[in-house]
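Reviewing the structure listed below.
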Amino acid sequence: MLSNNIQLEGKTVIVTGAAGFIGSNLVGRLFREFQDIKVVGIDSLTDYYDVRLKQERLAQIAALGRDWTFLKENIADKQAVDRIFQQHKPSVVVNLAAQAGVRYSITNPDAYIESNLIGFYNILEACRHHGVGHLVYASSSSVYGSNKKVPYSTDDKVDNPVSLYAATKKSNELLAHAYSKLYAIPTTGLRFFTVYGPAGRPDMAYFGFTDKLRRGETIQIFNYGNCKRDFTYIDDIVEGVVRVMQHAPEVQTGEDGLPIPAYKVYNIGNSSPENLLDFVSILQEELIEAGVLPSDYDFEAHKQLVPMQPGDVPTTFADTTPLEQDFGFRPSTPLRQGLRAFAQWYAGYYK
Ligand SMILES: NC(=O)c1ccc[n+]([C@@H]2O[C@H](COP(=O)([O-])OP(=O)(O)OC[C@H]3O[C@@H](n4cnc5c(N)ncnc54)[C@H](O)[C@@H]3O)[C@@H](O)[C@H]2O)c1
């Protein structure tokens, strides 16, 4: 196991995408775990999904009464990013701001280029000019494209993205590698696998299915249900991010006198893929249990099996061996437990 080489106590951390699902949970966890930490959150509050959910997440963070600064800024604005880094001098930066979603990238490519490429480049430049000790950034399981080999390993070749979203995430890894090499910036990319949980993203299947079932609409199950997903509970993702933040890849000099890239990429996934139909069954049971749907709900009448969609992949399955070896941790929250937490939150939120 690696030992920590970054102390977060007494330090400033910048989290981009702080009003987002993963970002807001990360900020909350940082404040719970570290007594003396300053967190600066950046988020442009895009209207990709209901902005009220983002504002509520921010209100919950503010209510903690800790050393918290929120800045409504766009990471694609280079001057703004530079100004923020200049002013706050972060030790660690966690870049989670991005235009997420595979299907949306087919109809709205501009948003991906702006946030995921220009925005990420600006973050790299700011890390370079302001001496950031570790940049941790979100990549995605989507970089594996239609990889046939399972489980997906970070040693697999990932040069065949099947969506623009995936292409931007793979590009982030390439840009990070170049910056680690050229400017000795320690970077760690994290390939997240389908993250779910309370106050999650309304565009994701479990949330969208719940909304539709509650409204009496029909849900569409892609690839006739022959999809497997490595669903990863939010607390597991956050645990992984917090551990990774505290160990920056070592900066070393090669025989040529130039830096060896201080660069790492890890999978963070549950490494236990679930069939989509089984997932829907558990979700249904938990929605009834939480009182979101009545116990006599006719699920069969609200389900439609449809073909695969462009940009989708049939399976995601994380090999988390390197994460386990280096950080002594692998996600393990059972799907039922995670969906129960989601259903209970949903019941309260939409009451
Ligand atoms: N949730 C998942 O299943 C999953 C899986 C793989 C990778 N990821 C990645 O993890 C990260 C966080 O995902 P999430 O699920 O929390 O998504 P999210 O959409 O809830 O959070 C992203 C946040 O970034 C903000 N943002 C977008 N563009 C911005 C910009 N240009 N400047 C400033 N803020 C901007 C949005 O307003 C949003 O609040 C993203 O990079 C995403 O691609 C998520």
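In the structure tokens, chains take letters A, B, ... by order of appearance, with residues numbered from 1 within each chain and ligands from 1 in the order shown.
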Test item: residues no farther than 8 Å from ligand 1, counting only C-alpha atoms and all ligand atoms, as number ranges by chain: A: 16-24, 42-49, 54, 72-77, 95-101, 111, 114-116, 119, 137-142, 165, 169, 191-196, 200-201, 204, 232
Would you mind exporting N, CA and C atoms of the selected residues as a short mmCIF file (atom, residue, chain, number, x, y, z; two decimals), in the first residue's frame?
data_model
loop_
_atom_site.label_atom_id
_atom_site.label_comp_id
_atom_site.auth_asym_id
_atom_site.auth_seq_id
_atom_site.Cartn_x
_atom_site.Cartn_y
_atom_site.Cartn_z
N THR A 16 -13.81 21.40 -8.38
CA THR A 16 -14.66 21.92 -9.45
C THR A 16 -15.84 20.96 -9.63
N GLY A 17 -16.96 21.53 -10.09
CA GLY A 17 -18.17 20.70 -10.17
C GLY A 17 -18.72 20.44 -8.77
N ALA A 18 -18.49 21.41 -7.86
CA ALA A 18 -18.81 21.20 -6.44
C ALA A 18 -20.31 21.15 -6.17
N ALA A 19 -21.13 21.67 -7.09
CA ALA A 19 -22.58 21.58 -6.90
C ALA A 19 -23.13 20.30 -7.51
N GLY A 20 -22.26 19.56 -8.16
CA GLY A 20 -22.68 18.32 -8.81
C GLY A 20 -22.85 17.20 -7.80
N PHE A 21 -23.28 16.07 -8.31
CA PHE A 21 -23.57 14.90 -7.46
C PHE A 21 -22.30 14.46 -6.71
N ILE A 22 -21.25 14.15 -7.43
CA ILE A 22 -20.05 13.63 -6.77
C ILE A 22 -19.34 14.76 -6.02
N GLY A 23 -19.26 15.94 -6.65
CA GLY A 23 -18.55 17.06 -6.04
C GLY A 23 -19.13 17.45 -4.69
N SER A 24 -20.44 17.56 -4.60
CA SER A 24 -21.06 17.99 -3.34
C SER A 24 -20.84 16.94 -2.25
N ILE A 42 -15.98 25.38 -7.18
CA ILE A 42 -16.28 26.11 -8.43
C ILE A 42 -17.36 25.32 -9.15
N ASP A 43 -18.38 26.01 -9.63
CA ASP A 43 -19.40 25.33 -10.45
C ASP A 43 -20.16 26.41 -11.20
N SER A 44 -20.43 26.17 -12.48
CA SER A 44 -21.17 27.17 -13.26
C SER A 44 -22.68 26.91 -13.20
N LEU A 45 -23.08 25.89 -12.45
CA LEU A 45 -24.49 25.54 -12.28
C LEU A 45 -25.21 25.41 -13.63
N THR A 46 -24.69 24.55 -14.49
CA THR A 46 -25.31 24.37 -15.80
C THR A 46 -26.74 23.83 -15.62
N ASP A 47 -27.58 24.10 -16.61
CA ASP A 47 -28.97 23.63 -16.49
C ASP A 47 -29.19 22.29 -17.21
N TYR A 48 -28.13 21.48 -17.29
CA TYR A 48 -28.24 20.14 -17.88
C TYR A 48 -29.33 19.33 -17.16
N TYR A 49 -29.40 19.52 -15.84
CA TYR A 49 -30.55 18.99 -15.09
C TYR A 49 -30.94 20.04 -14.05
N LYS A 54 -28.93 21.24 -7.50
CA LYS A 54 -27.55 21.73 -7.26
C LYS A 54 -27.56 22.75 -6.14
N LYS A 72 -19.39 30.79 -8.41
CA LYS A 72 -20.14 30.39 -9.61
C LYS A 72 -19.35 30.87 -10.83
N GLU A 73 -18.50 30.00 -11.31
CA GLU A 73 -17.63 30.35 -12.44
C GLU A 73 -17.57 29.18 -13.41
N ASN A 74 -17.21 29.52 -14.64
CA ASN A 74 -17.09 28.51 -15.70
C ASN A 74 -15.61 28.18 -15.87
N ILE A 75 -15.25 26.91 -15.76
CA ILE A 75 -13.82 26.56 -15.89
C ILE A 75 -13.31 26.78 -17.32
N ALA A 76 -14.22 27.02 -18.26
CA ALA A 76 -13.78 27.35 -19.61
C ALA A 76 -13.31 28.82 -19.71
N ASP A 77 -13.51 29.58 -18.63
CA ASP A 77 -13.06 30.98 -18.58
C ASP A 77 -11.64 30.99 -17.97
N ASN A 95 -10.80 17.92 -10.06
CA ASN A 95 -11.60 18.43 -11.17
C ASN A 95 -12.72 17.46 -11.51
N LEU A 96 -13.93 17.85 -11.09
CA LEU A 96 -15.11 17.02 -11.38
C LEU A 96 -16.06 17.76 -12.33
N ALA A 97 -15.82 19.05 -12.56
CA ALA A 97 -16.69 19.81 -13.46
C ALA A 97 -16.56 19.24 -14.86
N ALA A 98 -17.68 18.92 -15.44
CA ALA A 98 -17.68 18.40 -16.81
C ALA A 98 -19.11 18.36 -17.30
N GLN A 99 -19.25 18.32 -18.60
CA GLN A 99 -20.55 17.98 -19.16
C GLN A 99 -20.59 16.45 -19.19
N ALA A 100 -21.46 15.89 -18.36
CA ALA A 100 -21.55 14.43 -18.26
C ALA A 100 -22.63 13.91 -19.21
N GLY A 101 -22.72 12.60 -19.29
CA GLY A 101 -23.79 11.96 -20.08
C GLY A 101 -23.31 11.55 -21.46
N ALA A 111 -21.12 21.57 -25.67
CA ALA A 111 -20.99 21.62 -24.20
C ALA A 111 -19.81 20.77 -23.74
N GLU A 114 -16.45 22.56 -24.63
CA GLU A 114 -16.22 23.70 -23.73
C GLU A 114 -15.78 23.26 -22.33
N SER A 115 -16.58 22.42 -21.69
CA SER A 115 -16.27 22.08 -20.29
C SER A 115 -15.17 21.04 -20.18
N ASN A 116 -15.24 20.01 -21.02
CA ASN A 116 -14.35 18.85 -20.80
C ASN A 116 -12.98 19.03 -21.44
N GLY A 119 -12.14 23.59 -20.61
CA GLY A 119 -12.14 23.72 -19.15
C GLY A 119 -11.02 22.91 -18.53
N TYR A 137 -8.56 14.06 -11.14
CA TYR A 137 -9.63 14.45 -12.08
C TYR A 137 -10.49 13.24 -12.45
N ALA A 138 -11.73 13.56 -12.81
CA ALA A 138 -12.68 12.50 -13.16
C ALA A 138 -12.49 12.08 -14.60
N SER A 139 -12.20 10.80 -14.78
CA SER A 139 -12.33 10.21 -16.10
C SER A 139 -13.59 9.34 -16.03
N SER A 140 -13.69 8.35 -16.86
CA SER A 140 -14.94 7.59 -16.89
C SER A 140 -14.73 6.19 -17.45
N SER A 141 -15.58 5.28 -16.99
CA SER A 141 -15.55 3.91 -17.56
C SER A 141 -15.87 3.94 -19.04
N SER A 142 -16.49 5.03 -19.51
CA SER A 142 -16.86 5.08 -20.94
C SER A 142 -15.63 5.07 -21.85
N TYR A 165 -18.41 12.08 -25.49
CA TYR A 165 -18.13 12.16 -24.05
C TYR A 165 -16.90 11.33 -23.70
N LYS A 169 -13.07 12.38 -22.26
CA LYS A 169 -12.48 11.85 -21.02
C LYS A 169 -11.13 11.21 -21.30
N ARG A 191 -11.28 6.66 -13.24
CA ARG A 191 -12.36 6.21 -14.14
C ARG A 191 -13.51 5.70 -13.28
N PHE A 192 -14.52 6.55 -13.12
CA PHE A 192 -15.69 6.18 -12.32
C PHE A 192 -16.61 5.29 -13.13
N PHE A 193 -17.22 4.33 -12.44
CA PHE A 193 -18.18 3.41 -13.07
C PHE A 193 -19.57 3.70 -12.51
N THR A 194 -20.51 4.09 -13.38
CA THR A 194 -21.93 4.36 -13.07
C THR A 194 -22.20 4.61 -11.58
N VAL A 195 -22.11 5.87 -11.22
CA VAL A 195 -22.24 6.27 -9.81
C VAL A 195 -23.72 6.58 -9.51
N TYR A 196 -24.20 6.08 -8.38
CA TYR A 196 -25.61 6.32 -8.02
C TYR A 196 -25.72 6.57 -6.53
N GLY A 200 -28.74 12.09 -6.45
CA GLY A 200 -27.89 11.82 -7.61
C GLY A 200 -28.31 12.60 -8.84
N ARG A 201 -27.90 12.12 -9.99
CA ARG A 201 -28.17 12.85 -11.23
C ARG A 201 -29.48 12.39 -11.86
N MET A 204 -29.67 10.09 -15.00
CA MET A 204 -29.20 8.70 -15.02
C MET A 204 -30.37 7.73 -14.88
N THR A 232 -21.90 1.82 -8.89
CA THR A 232 -21.01 2.12 -7.78
C THR A 232 -21.64 3.17 -6.88
#
Run DSSP on the backbone and tell me which residues of segment 139-281 of chain A come out as strand (DSSP E); list them as a short mmCIF file (atom, residue, chain, number, x, y, z; two decimals) with C-alpha atoms, in the first residue's frame.
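In the end it all went to out.cif:
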data_model
loop_
_atom_site.label_atom_id
_atom_site.label_comp_id
_atom_site.auth_asym_id
_atom_site.auth_seq_id
_atom_site.Cartn_x
_atom_site.Cartn_y
_atom_site.Cartn_z
CA SER A 139 -12.33 10.21 -16.10
CA SER A 140 -14.94 7.59 -16.89
CA THR A 187 -1.94 13.89 -11.69
CA THR A 188 -4.31 11.02 -10.91
CA GLY A 189 -7.24 10.23 -13.21
CA LEU A 190 -10.16 8.24 -11.83
CA ARG A 191 -12.36 6.21 -14.14
CA PHE A 192 -15.69 6.18 -12.32
CA VAL A 195 -22.24 6.27 -9.81
CA TYR A 196 -25.61 6.32 -8.02
CA ILE A 219 -39.62 3.11 -18.90
CA GLN A 220 -37.43 1.95 -21.76
CA ILE A 221 -34.88 -0.74 -21.03
CA LYS A 228 -24.55 -5.17 -17.40
CA ARG A 229 -23.44 -2.23 -15.34
CA THR A 232 -21.01 2.12 -7.78
CA TYR A 233 -22.44 3.72 -4.67
CA GLN A 252 11.06 11.40 -10.34
CA THR A 253 13.75 12.28 -12.81
CA PRO A 259 10.72 14.21 -15.36
CA ILE A 260 9.21 10.73 -15.46
CA TYR A 263 0.86 10.18 -13.65
CA LYS A 264 -1.64 7.50 -12.58
CA VAL A 265 -5.05 6.33 -13.66
CA TYR A 266 -7.31 4.06 -11.58
CA ASN A 267 -10.71 2.43 -11.99
CA ILE A 268 -13.20 3.05 -9.21
CA GLU A 274 -25.47 -6.29 -12.38
CA ASN A 275 -27.85 -7.20 -15.15
#
Run DSSP on the backbone of this structure and report the residues of segment 138-300 of chain A it assigns to alpha helix (DSSP H), as JSON, numbers by chain. {"A": [164, 165, 166, 167, 168, 169, 170, 171, 172, 173, 174, 175, 176, 177, 178, 179, 180, 181, 182, 183, 205, 206, 207, 208, 209, 210, 211, 212, 213, 214, 234, 235, 236, 237, 238, 239, 240, 241, 242, 243, 244, 245, 276, 277, 278, 279, 280, 281, 282, 283, 284, 285, 286, 287, 288, 289]}
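The shell of residues at most 9 Å from segment 348-350 of chain A, with only C-alpha atoms counted and near chain neighbours (fewer than 4 positions) removed, consists of A:Ala199, A:Val292, A:Ala343, A:Gln344.
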Within 6 Å of segment 307-318 of chain A, counting only C-alpha atoms, which residues show up once you throw out same-chain ones fewer than 4 positions away? Write them as a ChimeraX atom specification, please. /A:146,151-152,162-163,222-224,227-230,269,271,273
If we count only C-alpha atoms and set the cut-off at 7 Å, which residues sit around Val143 of chain A, ignoring sequence neighbours fewer than 6 positions away in its own chain? Please answer as a ChimeraX atom specification. /A:158,161,166-167,169-170
Save out the residues we just selected, N, CA and C atoms, as a CSV table (one decimal), in the first residue's frame.
chain,number,residue,atom,x,y,z
A,158,VAL,N,-7.3,1.8,-24.8
A,158,VAL,CA,-8.6,2.4,-24.8
A,158,VAL,C,-8.6,3.5,-25.9
A,161,PRO,N,-13.1,5.1,-28.5
A,161,PRO,CA,-14.3,5.6,-27.8
A,161,PRO,C,-15.5,5.6,-28.8
A,166,ALA,N,-16.9,10.1,-24.2
A,166,ALA,CA,-15.8,9.2,-23.9
A,166,ALA,C,-14.5,9.7,-24.5
A,167,ALA,N,-14.6,10.3,-25.7
A,167,ALA,CA,-13.4,10.9,-26.3
A,167,ALA,C,-12.8,12.0,-25.5
A,169,LYS,N,-13.1,12.4,-22.3
A,169,LYS,CA,-12.5,11.8,-21.0
A,169,LYS,C,-11.1,11.2,-21.3
A,170,LYS,N,-11.0,10.5,-22.4
A,170,LYS,CA,-9.7,9.9,-22.8
A,170,LYS,C,-8.7,11.0,-23.1
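Using only C-alpha atoms, the smallest distance between any of A:Gly208, A:Pro261, A:Pro202, A:Pro294 and Pro186 of chain A comes from A:Pro261.
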Compile the contact shell of segment 59-61 of chain A as a PyMOL selection string: residues with an atom at most 12 Å away, counting only C-alpha atoms, same-chain residues fewer than 2 positions apart removed. chain A and resi 18-20+23-32+39-41+52-57+63-70+199
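Among the candidates A:His247, A:Arg214, A:Arg330, A:His129, the one nearest to Tyr346 of chain A when counting only C-alpha atoms is A:Arg214.
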